[in-house]
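*Asks:* This is data-v8.cif (mmCIF, C-alpha atoms and all ligand atoms).
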```
data_run
loop_
_atom_site.label_atom_id
_atom_site.label_comp_id
_atom_site.auth_asym_id
_atom_site.auth_seq_id
_atom_site.Cartn_x
_atom_site.Cartn_y
_atom_site.Cartn_z
CA MET A 1 -7.69 -12.36 13.13
CA ARG A 2 -6.39 -9.57 10.93
CA TYR A 3 -8.86 -7.44 8.97
CA LYS A 4 -8.42 -7.30 5.22
CA LEU A 5 -7.45 -3.98 3.63
CA VAL A 6 -8.00 -3.02 0.00
CA ALA A 7 -6.19 0.21 -0.86
CA GLY A 8 -6.37 1.89 -4.25
CA ASN A 9 -3.28 3.61 -5.62
CA TRP A 10 -4.54 6.09 -8.16
CA LYS A 11 -0.96 6.97 -9.20
CA MET A 12 -0.96 10.13 -11.37
CA HIS A 13 -4.53 9.70 -12.58
CA GLY A 14 -7.78 11.51 -11.97
CA SER A 15 -9.58 14.80 -12.37
CA LEU A 16 -12.13 16.51 -10.16
CA ALA A 17 -14.96 15.09 -12.27
CA GLU A 18 -13.50 11.57 -12.58
CA ASN A 19 -12.67 11.34 -8.87
CA GLN A 20 -16.19 12.32 -7.88
CA ALA A 21 -17.80 9.78 -10.21
CA LEU A 22 -15.44 7.03 -9.01
CA LEU A 23 -16.00 7.68 -5.31
CA GLU A 24 -19.75 8.03 -5.73
CA ALA A 25 -19.75 4.53 -7.20
CA ILE A 26 -17.34 2.95 -4.70
CA VAL A 27 -18.74 4.25 -1.42
CA PRO A 28 -22.26 2.75 -1.53
CA ALA A 29 -21.07 -0.48 -3.14
CA THR A 30 -18.51 -1.25 -0.42
CA ARG A 31 -20.43 0.05 2.59
CA ASP A 32 -21.60 -3.22 4.08
CA LEU A 33 -18.55 -5.41 3.66
CA ALA A 34 -17.61 -7.38 6.75
CA ARG A 35 -14.06 -7.14 8.09
CA VAL A 36 -12.74 -5.27 5.04
CA ASP A 37 -11.18 -1.81 5.26
CA VAL A 38 -11.24 0.23 2.06
CA ALA A 39 -8.96 3.15 1.19
CA VAL A 40 -7.84 5.27 -1.75
CA CYS A 41 -4.40 6.89 -2.07
CA VAL A 42 -4.67 9.93 -4.29
CA PRO A 43 -2.49 12.63 -5.86
CA PHE A 44 -1.80 15.51 -3.45
CA PRO A 45 -4.00 18.13 -5.17
CA TYR A 46 -7.06 15.93 -4.65
CA LEU A 47 -6.68 15.38 -0.90
CA GLN A 48 -9.13 18.19 -0.09
CA GLN A 49 -11.72 16.94 -2.59
CA VAL A 50 -11.42 13.37 -1.39
CA ARG A 51 -11.66 14.45 2.23
CA ASP A 52 -14.87 16.36 1.43
CA LEU A 53 -16.38 13.45 -0.51
CA LEU A 54 -15.39 10.72 1.95
CA ALA A 55 -15.90 12.47 5.29
CA GLY A 56 -18.38 10.45 7.34
CA THR A 57 -18.09 7.38 5.09
CA HIS A 58 -16.27 4.10 5.77
CA VAL A 59 -13.69 4.70 2.97
CA MET A 60 -10.35 6.04 4.20
CA TRP A 61 -7.92 8.09 2.16
CA GLY A 62 -4.24 8.76 1.89
CA ALA A 63 -1.35 10.02 -0.22
CA GLN A 64 1.26 8.27 -2.35
CA ASP A 65 4.46 9.73 -0.93
CA ALA A 66 5.74 12.11 1.75
CA SER A 67 8.97 13.95 2.42
CA ARG A 68 11.41 12.60 4.97
CA HIS A 69 11.67 16.20 6.26
CA ALA A 70 9.24 17.94 8.61
CA LYS A 71 9.56 21.34 6.90
CA GLY A 72 12.07 23.61 5.24
CA ALA A 73 13.60 24.61 1.92
CA PHE A 74 12.61 21.48 -0.03
CA THR A 75 10.82 22.84 -3.09
CA GLY A 76 8.16 20.50 -4.41
CA GLU A 77 8.15 18.27 -1.33
CA VAL A 78 5.08 17.63 0.84
CA SER A 79 5.43 16.80 4.53
CA ALA A 80 3.57 14.07 6.36
CA ASP A 81 2.14 16.68 8.75
CA MET A 82 0.61 18.52 5.78
CA ILE A 83 -1.01 15.29 4.59
CA ALA A 84 -2.27 14.57 8.11
CA GLU A 85 -4.03 17.95 8.15
CA PHE A 86 -6.34 16.63 5.43
CA GLY A 87 -7.56 13.83 7.66
CA ALA A 88 -5.59 11.21 5.74
CA ARG A 89 -4.95 7.81 7.26
CA TYR A 90 -2.35 6.28 4.89
CA VAL A 91 0.76 7.23 2.93
CA ILE A 92 2.31 4.84 0.41
CA VAL A 93 6.07 4.74 0.98
CA GLY A 94 8.74 3.18 -1.21
CA HIS A 95 6.53 2.30 -4.17
CA SER A 96 8.70 0.73 -6.87
CA GLU A 97 7.89 3.60 -9.22
CA ARG A 98 9.49 5.98 -6.70
CA ARG A 99 12.41 3.66 -6.03
CA THR A 100 13.02 3.38 -9.79
CA TYR A 101 12.19 6.81 -11.24
CA HIS A 102 13.21 8.89 -8.22
CA GLN A 103 16.15 6.77 -7.06
CA GLU A 104 14.69 6.27 -3.58
CA SER A 105 17.09 4.16 -1.54
CA ASP A 106 16.17 1.66 1.18
CA ALA A 107 17.50 4.14 3.76
CA LEU A 108 15.33 6.97 2.38
CA VAL A 109 12.27 4.71 2.45
CA GLY A 110 13.04 3.97 6.12
CA ALA A 111 13.36 7.68 6.90
CA LYS A 112 10.08 8.42 5.12
CA CYS A 113 8.33 5.72 7.18
CA GLN A 114 9.64 7.38 10.31
CA ALA A 115 8.30 10.77 9.15
CA VAL A 116 4.89 9.32 8.28
CA LEU A 117 4.60 7.54 11.64
CA GLY A 118 5.68 10.76 13.36
CA ALA A 119 2.68 12.52 11.80
CA GLY A 120 0.36 9.86 13.20
CA LEU A 121 -0.29 8.30 9.79
CA THR A 122 0.05 4.70 8.63
CA PRO A 123 2.75 4.03 6.04
CA ILE A 124 1.94 1.42 3.41
CA VAL A 125 5.50 0.30 2.82
CA CYS A 126 6.18 -1.37 -0.52
CA VAL A 127 8.81 -4.05 -1.08
CA GLY A 128 9.37 -6.28 -4.08
CA GLU A 129 11.86 -7.75 -6.50
CA THR A 130 12.43 -7.09 -10.20
CA LEU A 131 12.10 -9.86 -12.78
CA GLU A 132 15.88 -10.09 -13.05
CA GLU A 133 16.16 -10.50 -9.27
CA ARG A 134 13.48 -13.20 -9.21
CA GLU A 135 15.10 -15.09 -12.06
CA ARG A 136 18.43 -15.23 -10.31
CA GLY A 137 16.78 -16.44 -7.11
CA ALA A 138 17.31 -13.21 -5.14
CA THR A 139 13.67 -12.48 -4.21
CA GLU A 140 14.03 -13.24 -0.49
CA GLU A 141 17.36 -11.42 -0.24
CA VAL A 142 15.86 -8.29 -1.87
CA VAL A 143 12.65 -8.09 0.14
CA ALA A 144 14.54 -8.90 3.38
CA ARG A 145 16.97 -6.05 2.70
CA GLN A 146 14.10 -3.63 1.98
CA LEU A 147 12.24 -4.75 5.11
CA GLU A 148 15.35 -4.52 7.32
CA ALA A 149 15.90 -0.88 6.28
CA VAL A 150 12.42 -0.05 7.54
CA VAL A 151 12.84 -1.97 10.79
CA ASP A 152 16.21 -0.30 11.35
CA ALA A 153 14.52 3.09 10.99
CA VAL A 154 11.34 2.57 13.00
CA GLY A 155 11.96 -0.54 15.14
CA ALA A 156 9.55 -3.40 15.68
CA ALA A 157 7.18 -1.07 17.53
CA GLY A 158 7.11 1.28 14.55
CA LEU A 159 6.57 -1.61 12.18
CA SER A 160 3.52 -2.64 14.18
CA ARG A 161 1.95 0.68 13.05
CA CYS A 162 2.79 0.09 9.37
CA VAL A 163 1.12 -1.87 6.61
CA LEU A 164 3.52 -3.86 4.43
CA ALA A 165 2.84 -4.37 0.71
CA TYR A 166 4.60 -7.06 -1.29
CA GLU A 167 4.62 -5.80 -4.86
CA PRO A 168 6.77 -7.77 -7.29
CA VAL A 169 7.99 -5.14 -9.74
CA TRP A 170 7.40 -7.49 -12.67
CA ALA A 171 3.71 -7.66 -11.79
CA ILE A 172 3.00 -3.93 -11.41
CA GLY A 173 1.01 -2.53 -14.29
CA THR A 174 2.03 -5.46 -16.51
CA GLY A 175 -1.08 -7.62 -16.35
CA LYS A 176 1.07 -10.44 -14.90
CA THR A 177 -0.28 -11.27 -11.46
CA ALA A 178 1.81 -13.48 -9.19
CA ALA A 179 0.23 -16.88 -8.66
CA PRO A 180 -1.44 -17.00 -5.24
CA GLU A 181 1.04 -19.66 -3.99
CA GLN A 182 3.97 -17.64 -5.33
CA ALA A 183 2.81 -14.52 -3.51
CA GLN A 184 1.97 -16.49 -0.35
CA GLU A 185 5.53 -17.84 -0.24
CA VAL A 186 6.96 -14.32 -0.08
CA HIS A 187 4.31 -13.08 2.37
CA ALA A 188 5.06 -15.99 4.70
CA PHE A 189 8.78 -15.27 4.38
CA LEU A 190 8.25 -11.61 5.28
CA ARG A 191 6.12 -12.54 8.29
CA ARG A 192 8.77 -15.03 9.47
CA ARG A 193 11.44 -12.33 9.17
CA VAL A 194 9.38 -9.96 11.30
CA ALA A 195 8.71 -12.78 13.79
CA GLU A 196 12.45 -13.15 14.32
CA ARG A 197 12.30 -9.64 15.82
CA ASP A 198 8.87 -9.80 17.46
CA SER A 199 6.32 -12.56 17.04
CA ALA A 200 3.34 -10.47 18.20
CA VAL A 201 4.16 -7.74 15.66
CA ALA A 202 4.47 -10.38 12.94
CA GLU A 203 1.11 -11.91 13.82
CA GLY A 204 -0.66 -8.53 13.75
CA LEU A 205 1.05 -7.15 10.65
CA THR A 206 -1.15 -6.52 7.62
CA ILE A 207 0.71 -7.62 4.48
CA LEU A 208 -0.94 -6.62 1.20
CA TYR A 209 -0.23 -8.06 -2.22
CA GLY A 210 0.04 -5.67 -5.17
CA GLY A 211 0.63 -6.29 -8.85
CA SER A 212 -2.09 -6.36 -11.53
CA VAL A 213 -4.82 -7.56 -9.15
CA LYS A 214 -8.23 -7.67 -10.85
CA GLY A 215 -11.69 -8.64 -9.70
CA ALA A 216 -11.19 -12.08 -11.22
CA SER A 217 -7.83 -12.80 -9.53
CA ALA A 218 -8.44 -11.21 -6.13
CA ARG A 219 -10.32 -13.99 -4.31
CA ALA A 220 -7.67 -16.66 -4.82
CA LEU A 221 -4.93 -14.28 -3.71
CA PHE A 222 -6.84 -13.06 -0.65
CA SER A 223 -7.65 -16.61 0.43
CA MET A 224 -3.95 -17.26 1.13
CA PRO A 225 -3.22 -17.28 4.88
CA ASP A 226 -0.62 -14.49 4.82
CA ILE A 227 -2.23 -12.22 2.22
CA ASP A 228 -4.28 -9.61 4.05
CA GLY A 229 -5.66 -7.69 1.10
CA GLY A 230 -4.34 -5.72 -1.83
CA LEU A 231 -2.70 -2.54 -3.02
CA ILE A 232 -4.48 -1.92 -6.29
CA GLY A 233 -3.21 0.33 -9.09
CA GLY A 234 -4.92 0.25 -12.49
CA ALA A 235 -8.02 -1.60 -11.30
CA SER A 236 -8.65 0.99 -8.58
CA LEU A 237 -9.60 3.49 -11.31
CA VAL A 238 -12.45 1.31 -12.59
CA SER A 239 -15.27 1.28 -10.07
CA GLU A 240 -16.65 -2.17 -11.03
CA GLU A 241 -13.19 -3.76 -10.75
CA PHE A 242 -12.31 -2.06 -7.50
CA VAL A 243 -15.66 -2.97 -5.93
CA ALA A 244 -15.24 -6.59 -7.10
CA ILE A 245 -11.79 -6.69 -5.47
CA CYS A 246 -13.16 -5.25 -2.22
CA LYS A 247 -15.94 -7.87 -2.23
CA ALA A 248 -13.41 -10.62 -2.85
CA ALA A 249 -11.67 -9.64 0.38
CA GLN A 250 -14.71 -10.57 2.50
C1 LIG B 1 0.50 -0.36 -7.71
O1 LIG B 1 0.59 0.70 -8.32
O2 LIG B 1 0.81 -0.42 -6.53
C2 LIG B 1 0.00 -1.53 -8.44
C3 LIG B 1 -0.04 -2.68 -7.82
O3 LIG B 1 -0.40 -1.32 -9.74
P1 LIG B 1 -1.23 -2.36 -10.66
O4 LIG B 1 -2.37 -2.89 -9.82
O5 LIG B 1 -1.71 -1.52 -11.80
O6 LIG B 1 -0.28 -3.43 -11.06
#
```
As a first step, turn the structure in this file into structure tokens.

*Replies:*
Amino acid sequence: MRYKLVAGNWKMHGSLAENQALLEAIVPATRDLARVDVAVCVPFPYLQQVRDLLAGTHVMWGAQDASRHAKGAFTGEVSADMIAEFGARYVIVGHSERRTYHQESDALVGAKCQAVLGAGLTPIVCVGETLEERERGATEEVVARQLEAVVDAVGAAGLSRCVLAYEPVWAIGTGKTAAPEQAQEVHAFLRRRVAERDSAVAEGLTILYGGSVKGASARALFSMPDIDGGLIGGASLVSEEFVAICKAAQ
């Protein structure tokens, strides 16, 4: 049986004071959950603070992006090895906000996954369709294409060291959560696609749902057989909501 994972994506939010207050609320309230891993993915400048606050606790931490390059003249970029130095476990890769605002292609997302795995970290690879793509019936085609680019880059063995996150773009930050059955359909599709390459990898793969998950909607989503937890944006900044979501994953 796969463990559940609830990972917060703080996006470009936080301050030293806010982060401390948030983590001091989350850590004790999620300490005794059974079979639920908890993580927060934070802006780069806060990696050191989060490492100091979370060291020795059950809550893991990570970043929200990494360069495809190991080092060099890439001003403003941060390498996966640098992130690993802070004791991080996860790096979000291919979030729709990066695909949209930073023109990240499927091939670049694959290359970033490779770089993150090379640093010994776990990529949380995001896939998902826009509203326009869903409405014209292209959801499976889109997520399959995004998944294939990752498998082409890292192989089935690499994928076994990734977490996949299905995040319909129309549900991110909009307050519109996918219905549990609607999300399950895509999760099951993704798992079947992976199984065509390697059934053991498919069975072990953690597939998160992301898109306006709240404490009130989490339990029904997480009770679906192929939904292994959540990637949580807005609600990860509100301790009561995030804790409620973590508890719903039990
Ligand atoms: C996200 O940023 O990955 C996300 C799912 O955001 P939200 O929960 O705010 O929709």

*Asks:* Any idea what's packed within 12 Å of Glu203 of chain A, counting only C-alpha atoms, ignoring anything in its chain fewer than 5 positions away? Could you give it as a compact mmCIF listing (two decimals) with C-alpha atoms, in the coordinates of the input?

*Replies:*
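Contents of the output file around.txt:
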```
# COMPACT_ATOMS: atom_id res chain seq x y z
CA MET A 1 -7.69 -12.36 13.13
CA ARG A 2 -6.39 -9.57 10.93
CA TYR A 3 -8.86 -7.44 8.97
CA LEU A 159 6.57 -1.61 12.18
CA SER A 160 3.52 -2.64 14.18
CA HIS A 187 4.31 -13.08 2.37
CA ALA A 188 5.06 -15.99 4.70
CA LEU A 190 8.25 -11.61 5.28
CA ARG A 191 6.12 -12.54 8.29
CA ARG A 192 8.77 -15.03 9.47
CA ARG A 193 11.44 -12.33 9.17
CA VAL A 194 9.38 -9.96 11.30
CA ALA A 195 8.71 -12.78 13.79
CA GLU A 196 12.45 -13.15 14.32
CA ARG A 197 12.30 -9.64 15.82
CA ASP A 198 8.87 -9.80 17.46
CA PRO A 225 -3.22 -17.28 4.88
CA ASP A 226 -0.62 -14.49 4.82
CA ASP A 228 -4.28 -9.61 4.05
```

*Asks:* Please tabulate, as JSON lines, the residues of chain A that come within 9 Å of ligand LIG 1 (chain B), each with its closest pair of atoms and the distance in Å to one decimal, counting all atoms listed in the file and ordering rows by chain, then residue number upward.

*Replies:*
```
{"residue": "A:Gly8", "atom": "CA", "partner": "B:LIG1", "partner_atom": "O2", "distance": 7.9}
{"residue": "A:Asn9", "atom": "CA", "partner": "B:LIG1", "partner_atom": "O1", "distance": 5.5}
{"residue": "A:Trp10", "atom": "CA", "partner": "B:LIG1", "partner_atom": "O1", "distance": 7.4}
{"residue": "A:Lys11", "atom": "CA", "partner": "B:LIG1", "partner_atom": "O1", "distance": 6.5}
{"residue": "A:Ile92", "atom": "CA", "partner": "B:LIG1", "partner_atom": "O2", "distance": 8.8}
{"residue": "A:His95", "atom": "CA", "partner": "B:LIG1", "partner_atom": "O2", "distance": 6.8}
{"residue": "A:Ser96", "atom": "CA", "partner": "B:LIG1", "partner_atom": "O2", "distance": 8.0}
{"residue": "A:Glu97", "atom": "CA", "partner": "B:LIG1", "partner_atom": "O1", "distance": 7.9}
{"residue": "A:Cys126", "atom": "CA", "partner": "B:LIG1", "partner_atom": "O2", "distance": 8.1}
{"residue": "A:Ala165", "atom": "CA", "partner": "B:LIG1", "partner_atom": "O2", "distance": 8.5}
{"residue": "A:Glu167", "atom": "CA", "partner": "B:LIG1", "partner_atom": "C3", "distance": 6.3}
{"residue": "A:Pro168", "atom": "CA", "partner": "B:LIG1", "partner_atom": "C3", "distance": 8.5}
{"residue": "A:Val169", "atom": "CA", "partner": "B:LIG1", "partner_atom": "O6", "distance": 8.5}
{"residue": "A:Trp170", "atom": "CA", "partner": "B:LIG1", "partner_atom": "O6", "distance": 8.8}
{"residue": "A:Ala171", "atom": "CA", "partner": "B:LIG1", "partner_atom": "O6", "distance": 5.9}
{"residue": "A:Ile172", "atom": "CA", "partner": "B:LIG1", "partner_atom": "O6", "distance": 3.3}
{"residue": "A:Gly173", "atom": "CA", "partner": "B:LIG1", "partner_atom": "O6", "distance": 3.6}
{"residue": "A:Thr174", "atom": "CA", "partner": "B:LIG1", "partner_atom": "O6", "distance": 6.3}
{"residue": "A:Gly175", "atom": "CA", "partner": "B:LIG1", "partner_atom": "O6", "distance": 6.8}
{"residue": "A:Lys176", "atom": "CA", "partner": "B:LIG1", "partner_atom": "O6", "distance": 8.1}
{"residue": "A:Thr177", "atom": "CA", "partner": "B:LIG1", "partner_atom": "O6", "distance": 7.9}
{"residue": "A:Tyr209", "atom": "CA", "partner": "B:LIG1", "partner_atom": "C3", "distance": 7.8}
{"residue": "A:Gly210", "atom": "CA", "partner": "B:LIG1", "partner_atom": "C3", "distance": 4.0}
{"residue": "A:Gly211", "atom": "CA", "partner": "B:LIG1", "partner_atom": "O6", "distance": 3.7}
{"residue": "A:Ser212", "atom": "CA", "partner": "B:LIG1", "partner_atom": "O6", "distance": 3.5}
{"residue": "A:Val213", "atom": "CA", "partner": "B:LIG1", "partner_atom": "O4", "distance": 5.3}
{"residue": "A:Lys214", "atom": "CA", "partner": "B:LIG1", "partner_atom": "O4", "distance": 7.6}
{"residue": "A:Gly230", "atom": "CA", "partner": "B:LIG1", "partner_atom": "C3", "distance": 8.0}
{"residue": "A:Leu231", "atom": "CA", "partner": "B:LIG1", "partner_atom": "O2", "distance": 5.4}
{"residue": "A:Ile232", "atom": "CA", "partner": "B:LIG1", "partner_atom": "O4", "distance": 4.2}
{"residue": "A:Gly233", "atom": "CA", "partner": "B:LIG1", "partner_atom": "O3", "distance": 3.3}
{"residue": "A:Gly234", "atom": "CA", "partner": "B:LIG1", "partner_atom": "O5", "distance": 3.7}
{"residue": "A:Ala235", "atom": "CA", "partner": "B:LIG1", "partner_atom": "O4", "distance": 6.0}
{"residue": "A:Ser236", "atom": "CA", "partner": "B:LIG1", "partner_atom": "O4", "distance": 7.5}
```

*Asks:* The residues within 12 Å of (14.7, -13.1, -1.0), using all atoms listed in the file and the coordinates of the file, should be reported as an MDAnalysis selection string; which are they?

*Replies:* chainID A and resid 127:130 133:148 166 168 185:190 193

*Asks:* What does the distance between atom CA of Ala25 of chain A and atom CA of Ala39 of chain A come to in Å, to one decimal place?

*Replies:*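 We find that atom CA of Ala25 of chain A and atom CA of Ala39 of chain A lie 13.7 Å from each other.
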
*Asks:* What gap, in Å, lies between atom CA of Phe242 of chain A and atom CA of Ser223 of chain A?

*Replies:*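 Atom-to-atom, atom CA of Phe242 of chain A to atom CA of Ser223 of chain A, that is 17.2 Å.
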
*Asks:* Could you tell me how far atom CA of Val93 of chain A sits from atom CA of Leu108 of chain A, in Å to one decimal place?

*Replies:*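 One can read the atom CA of Leu108 of chain A to atom CA of Val93 of chain A distance as 9.6 Å.
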
*Asks:* For Glu181 of chain A, which residue among A:Met224, A:Cys162, A:Leu54, A:Val154 is the nearest when counting all atoms listed in the file?

*Replies:*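 Checking each of A:Met224, A:Cys162, A:Leu54, A:Val154 against Glu181 of chain A, counting all atoms listed in the file, the winner is A:Met224.
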
*Asks:* Pick the closest to Ala119 of chain A from A:Trp61, A:Phe222, A:Phe74, A:Tyr90: which is it, counting only C-alpha atoms?

*Replies:* A:Tyr90
